[in-house]
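Since the structure comes first, as structure tokens, the remarks are kept for the end.
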Amino acid sequence: MANLLAAQGGRPLRDGLADLATWLGVTLVAGSALWVVADVIWHGVGAVNWGFVTTAPQDAGRAGGISTILVATFLVLLVCMTAALPLGLGAAMYLSEYGRGPMGRWVRRSLDVLAGVPSIVFGLFGAVFFVQVLGLGFSILAGGLTLACMVLPILIRTTEMAFSGLPQEYRAGAAALGFGPSGILLRVLLPAAAPGLVAGLILGVGRALAETAVLIFTSGYVDRMPDSLLDSGRVLSLHIFDLSMNVPGGDHNAYGAAVVLLLILLVINGIGGWLSRRWIGRGIVAS
Amino acid sequence: MGWYDRWRGGLLAIGLALAMAGAACSSTADGAKAYPHLVITGSSTVAPLAAEIGKRFEQAHPGVQVDVQTGGSSRGIADVRKGNSDIGMASRALKTTEQTLLPFTIARDGIGLILHQSNPVNELSRQQVVAIYTGQITRWSEVGGLDRPITVVHKAEGRSTQELFLHHFELDNRQVKPHVVVGDNEQGIKTVAGNPDAIGYVSIGTASYDASHGVPIRLLSVDGVAATLENVRNGQFPLSRPLNLVTREVPTGVAKEFIDFARSTQVIDLVEGQYFVPTAGG
């Protein structure tokens, strides 16, 4: 260090400061993320056990577990992804392969606007359109579909970026080998874009799992075990919000539920990574 | 290349088609329900209590389903007016513009001013509270406390607690100069518990529960009356409110049964379990 200082005059100090700033930034970001996770686990891990995951909430959620909440959460997510995935994939394929005209620009512009809309607006829209106009009532179906509207922009833009990031040679090469347009899309571009697609999907799922504002007015507050998609069902994030903000003495179980939510997110991230690796491994491009 | 690679395109297409069909089917499904189904919406303060009463009611009446949805008193009133719900929940008395609706009180709740436990101030007069909330008094030293700035915690517009507080202290919301605006009671308590210089107002039941469970907050007396559930029960505490179920017409059928049940002595333990004051039986 002393040698460097002697050899380069004022430079090392500046470099050192830049180093310090970078490290500070990294530590701050990583540290705060770690702090949040550690805090949740520290407070919540004592509440989580097999019984917590398999029993229904009692006494407004202070006692009992979160079994019904978990079922409702997965059903809402299932409806959301079933509706959003085909639409999102289709729209992304269109945008990246054919969307260079005014139509594509228009679709992109409206997606950007949608992506910037606060989630409570989607919630109010869903509460009017799905719950009242379509007559679905407070239901898992209404919640899932409203959520689908909300995650579509992220899903489409990330997937589109994955497609347009692929080298033009893939398309030319596949065409030269005699693939038709659908063959190119499904057998060459789709497998190659899979990691980006999975990333988009996981971003969407993560946002969906974290959402309370959209679901409070659509899938609702009922914590009974749902019988069908037309039943109202409380999702995990809303349960955590209610327990920590509205129910005196609900903190313990709120932290427990938060630990479970964290675990679910980790598992989904893990599955996503595994899927995309597996898909590339088998893909035409990589083999 | 195995069979998987050869057929992957086809499999994908089939999968996509199935997914789309599923989405289409589910979105055209019929919303009608065969069994009696009571929809109750409104006040987030009443919602946990109503949900617990609903569960007990369902046990006593097999086949009936009670769906409780939260969202605030204003929403409860609007929903029951428009017929979006069977029963509304409001954590306040009905306003003069709402006299066409019918209120059924199931419990009472008081609203108390809270400070951080470490705050040495023991009592605030009515004038002092008004001065603090309108920004005329900005340091605790002016009311006998430490020389520190006051953090004013206020509730969001549309909250019944906020309306009752403003009404009691004869304030207009535009006069209030809040530093923090909160929603639910627990959020108010957490805000004050985390800030030694804060003052806020929340449900007395919630506050006394938290205070007795180690949360560092303290309830102040209002107009010289201690903020206890007992003083809310005997009617001496000036800042109290009814927790109401609201209907548009004279209730009949399941709705009437539910309202009668919620006002009966069969749910007193549930009312007390949510830290409210029961009104049934006396």
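As shown in the structure tokens, the chain order sets the letters A, B, ...; within each chain, residues go from 1, and ligands are also counted from 1 in the order they appear.
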
Inset, instruction - Extract the full set of alpha helix (DSSP H) residues from range 202-240 of chain A according to DSSP on the backbone, and format it as an NGL selection string. - result: :A and (202-210 or 213-216 or 236-240)

Sorted by chain and rising residue number, which residues of chain A lie within 7 Å of chain B, and what are their closest atom pairs and distances in Å to one decimal, counting only C-alpha atoms, as a tab-separated table?
```
residue	atom	partner	partner_atom	distance
A:Asp59	CA	B:Glu52	CA	6.6
A:Ala60	CA	B:Pro48	CA	5.4
A:Thr82	CA	B:Ala19	CA	5.8
A:Ala83	CA	B:Ala23	CA	5.1
A:Pro86	CA	B:Leu16	CA	6.0
A:Gly135	CA	B:Gly31	CA	6.0
A:Leu136	CA	B:Gly31	CA	4.9
A:Gly137	CA	B:Gly31	CA	6.9
A:Leu186	CA	B:Gly9	CA	5.5
A:Arg187	CA	B:Gly9	CA	5.8
A:Gly220	CA	B:Gln69	CA	5.8
A:Tyr221	CA	B:Gln69	CA	5.0
A:Val222	CA	B:Asp67	CA	5.8
A:Leu230	CA	B:Gly31	CA	6.6
A:Ser244	CA	B:Glu186	CA	6.8
A:Met245	CA	B:Glu186	CA	4.5
A:Asn246	CA	B:Glu186	CA	5.4
A:Val247	CA	B:Glu186	CA	7.0
A:Pro248	CA	B:Thr206	CA	5.5
```

Inset, instruction - Can you check which residues of range 21-250 of chain B DSSP gives as strand (DSSP E or B) on the backbone and send them as number ranges by chain? - result: B: 37-42, 65-70, 87-90, 102-116, 139, 149, 151-155, 180-182, 198-203, 217-219, 222, 225, 240-247

Legend entry - Surrounding residues of range 201-209 of chain A excluding itself and chain neighbours under 2 positions, 7 Å, only C-alpha atoms, as a ChimeraX atom specification: /A:147,151,154-155,197-199,211,237,265,269,272

Selected residues written out with C-alpha atoms, as a PDB file, in the first residue's frame:
```
ATOM      1  CA  LEU A 147     -53.776 -10.120  -9.933  1.00  0.00           C
ATOM      2  CA  VAL A 151     -48.549  -9.032 -13.217  1.00  0.00           C
ATOM      3  CA  ILE A 154     -43.965  -7.377 -15.835  1.00  0.00           C
ATOM      4  CA  LEU A 155     -44.420 -10.833 -17.289  1.00  0.00           C
ATOM      5  CA  LEU A 197     -39.184 -16.398 -19.194  1.00  0.00           C
ATOM      6  CA  VAL A 198     -38.736 -18.129 -15.868  1.00  0.00           C
ATOM      7  CA  ALA A 199     -37.202 -14.961 -14.436  1.00  0.00           C
ATOM      8  CA  GLU A 211     -49.766  -8.139  -2.840  1.00  0.00           C
ATOM      9  CA  SER A 237     -49.813 -11.297   2.784  1.00  0.00           C
ATOM     10  CA  LEU A 265     -40.617 -17.398  -2.069  1.00  0.00           C
ATOM     11  CA  ASN A 269     -37.014 -19.105  -6.668  1.00  0.00           C
ATOM     12  CA  GLY A 272     -37.408 -21.433 -11.082  1.00  0.00           C
TER      13      GLY A 272
END
```

Inset, instruction - Would you please work out which residue, of B:Val215, B:Ile77, B:Ile106, B:Ile199, is nearest to Leu94 in chain B when using only C-alpha atoms? - result: B:Ile77

Legend entry - Selected residue of minimal separation from Ala78 in chain B among B:Val153, B:Val246, B:Val232, B:Ala227, counting only C-alpha atoms: B:Val246

Inset, instruction - Grab the CA of Ala176 in chain A to CA of Ala192 in chain A distance for me, in Å with one decimal place. - result: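 Taking CA of Ala176 in chain A and CA of Ala192 in chain A, their separation equals 17.7 Å.
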
Inset, instruction - Name the closest residue to Ala107 in chain B among the candidates B:Met89, B:Ala198, B:Leu124, B:Ala156; distances are taken between atoms, counting only C-alpha atoms. - result: B:Met89

Inset, instruction - Quick one: everything within 7 Å of Arg248 in chain B, counting only C-alpha atoms, minus sequence neighbours fewer than 3 positions away in the same chain. Send it as a PyMOL selection string. - result: chain B and resi 80-81+101-102

Inset, instruction - Select, from B:Phe261, B:Phe57, B:Phe276, B:Phe165, the residue with the minimum atom-to-atom distance to Leu113 in chain B, counting only C-alpha atoms. - result: B:Phe165

Legend entry - Interatomic distance, CA of Phe125 in chain A to CA of Leu245 in chain B (Å, one decimal):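 Here the two named atoms are 26.7 Å from each other.
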
Inset, instruction - Figure out the distance between CA of Gly200 in chain A and CA of Ile184 in chain A, please, to one decimal in Å. - result: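 Straight-line distance from CA of Ile184 in chain A to CA of Gly200 in chain A works out to 21.2 Å.
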
Inset, instruction - Would you mind listing what lies within 10 Å of Gln162 in chain B as a list of chain:residue names, with only C-alpha atoms counted and same-chain residues fewer than 6 positions away left out? - result: B:Ile111, B:His154, B:Lys155, B:Ala156, B:His168, B:Asn173, B:Gly183, B:Tyr201, B:Val202

Since we have the selection now, will you write its residues out, keeping N, CA and C atoms, as a PDB file, in the first residue's frame?
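Generated file (selection34.pdb):
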```
ATOM      1  N   ILE B 111     -61.816   5.549  22.660  1.00  0.00           N
ATOM      2  CA  ILE B 111     -60.603   5.994  21.982  1.00  0.00           C
ATOM      3  C   ILE B 111     -59.769   6.795  22.974  1.00  0.00           C
ATOM      4  N   HIS B 154     -51.621  11.079  13.441  1.00  0.00           N
ATOM      5  CA  HIS B 154     -53.031  11.299  13.139  1.00  0.00           C
ATOM      6  C   HIS B 154     -53.535  10.102  12.346  1.00  0.00           C
ATOM      7  N   LYS B 155     -54.851   9.929  12.308  1.00  0.00           N
ATOM      8  CA  LYS B 155     -55.391   8.814  11.514  1.00  0.00           C
ATOM      9  C   LYS B 155     -55.815   9.296  10.138  1.00  0.00           C
ATOM     10  N   ALA B 156     -55.897   8.359   9.208  1.00  0.00           N
ATOM     11  CA  ALA B 156     -56.239   8.706   7.828  1.00  0.00           C
ATOM     12  C   ALA B 156     -57.703   9.114   7.717  1.00  0.00           C
ATOM     13  N   HIS B 168     -64.847  15.164  18.911  1.00  0.00           N
ATOM     14  CA  HIS B 168     -64.742  15.402  20.347  1.00  0.00           C
ATOM     15  C   HIS B 168     -63.949  16.659  20.650  1.00  0.00           C
ATOM     16  N   ASN B 173     -60.516  18.738  10.084  1.00  0.00           N
ATOM     17  CA  ASN B 173     -59.339  17.977   9.654  1.00  0.00           C
ATOM     18  C   ASN B 173     -58.289  18.868   8.989  1.00  0.00           C
ATOM     19  N   GLY B 183     -53.171   4.152   9.584  1.00  0.00           N
ATOM     20  CA  GLY B 183     -54.457   3.535   9.281  1.00  0.00           C
ATOM     21  C   GLY B 183     -55.034   2.830  10.484  1.00  0.00           C
ATOM     22  N   TYR B 201     -53.717   8.618  18.922  1.00  0.00           N
ATOM     23  CA  TYR B 201     -54.952   8.192  19.557  1.00  0.00           C
ATOM     24  C   TYR B 201     -55.435   6.902  18.893  1.00  0.00           C
ATOM     25  N   VAL B 202     -55.813   5.938  19.720  1.00  0.00           N
ATOM     26  CA  VAL B 202     -56.211   4.625  19.200  1.00  0.00           C
ATOM     27  C   VAL B 202     -57.307   4.027  20.078  1.00  0.00           C
TER      28      VAL B 202
END
```

Inset, instruction - Would you mind listing what lies within 9 Å of Ile240 in chain A as a list in words, with only C-alpha atoms counted and same-chain residues fewer than 5 positions away left out? - result: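 Once the adjacent positions are removed, what remains is Val235, Met245, Gly250, Asp251, Asn253, Ala254, Tyr255, Gly256, Ala257 and Ala258 of chain A.
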
Inset, instruction - Would you mind listing what lies within 10 Å of Val121 in chain A as a PyMOL selection string, with only C-alpha atoms counted and same-chain residues fewer than 4 positions away left out? - result: chain A and resi 117+125-127+150+213-214
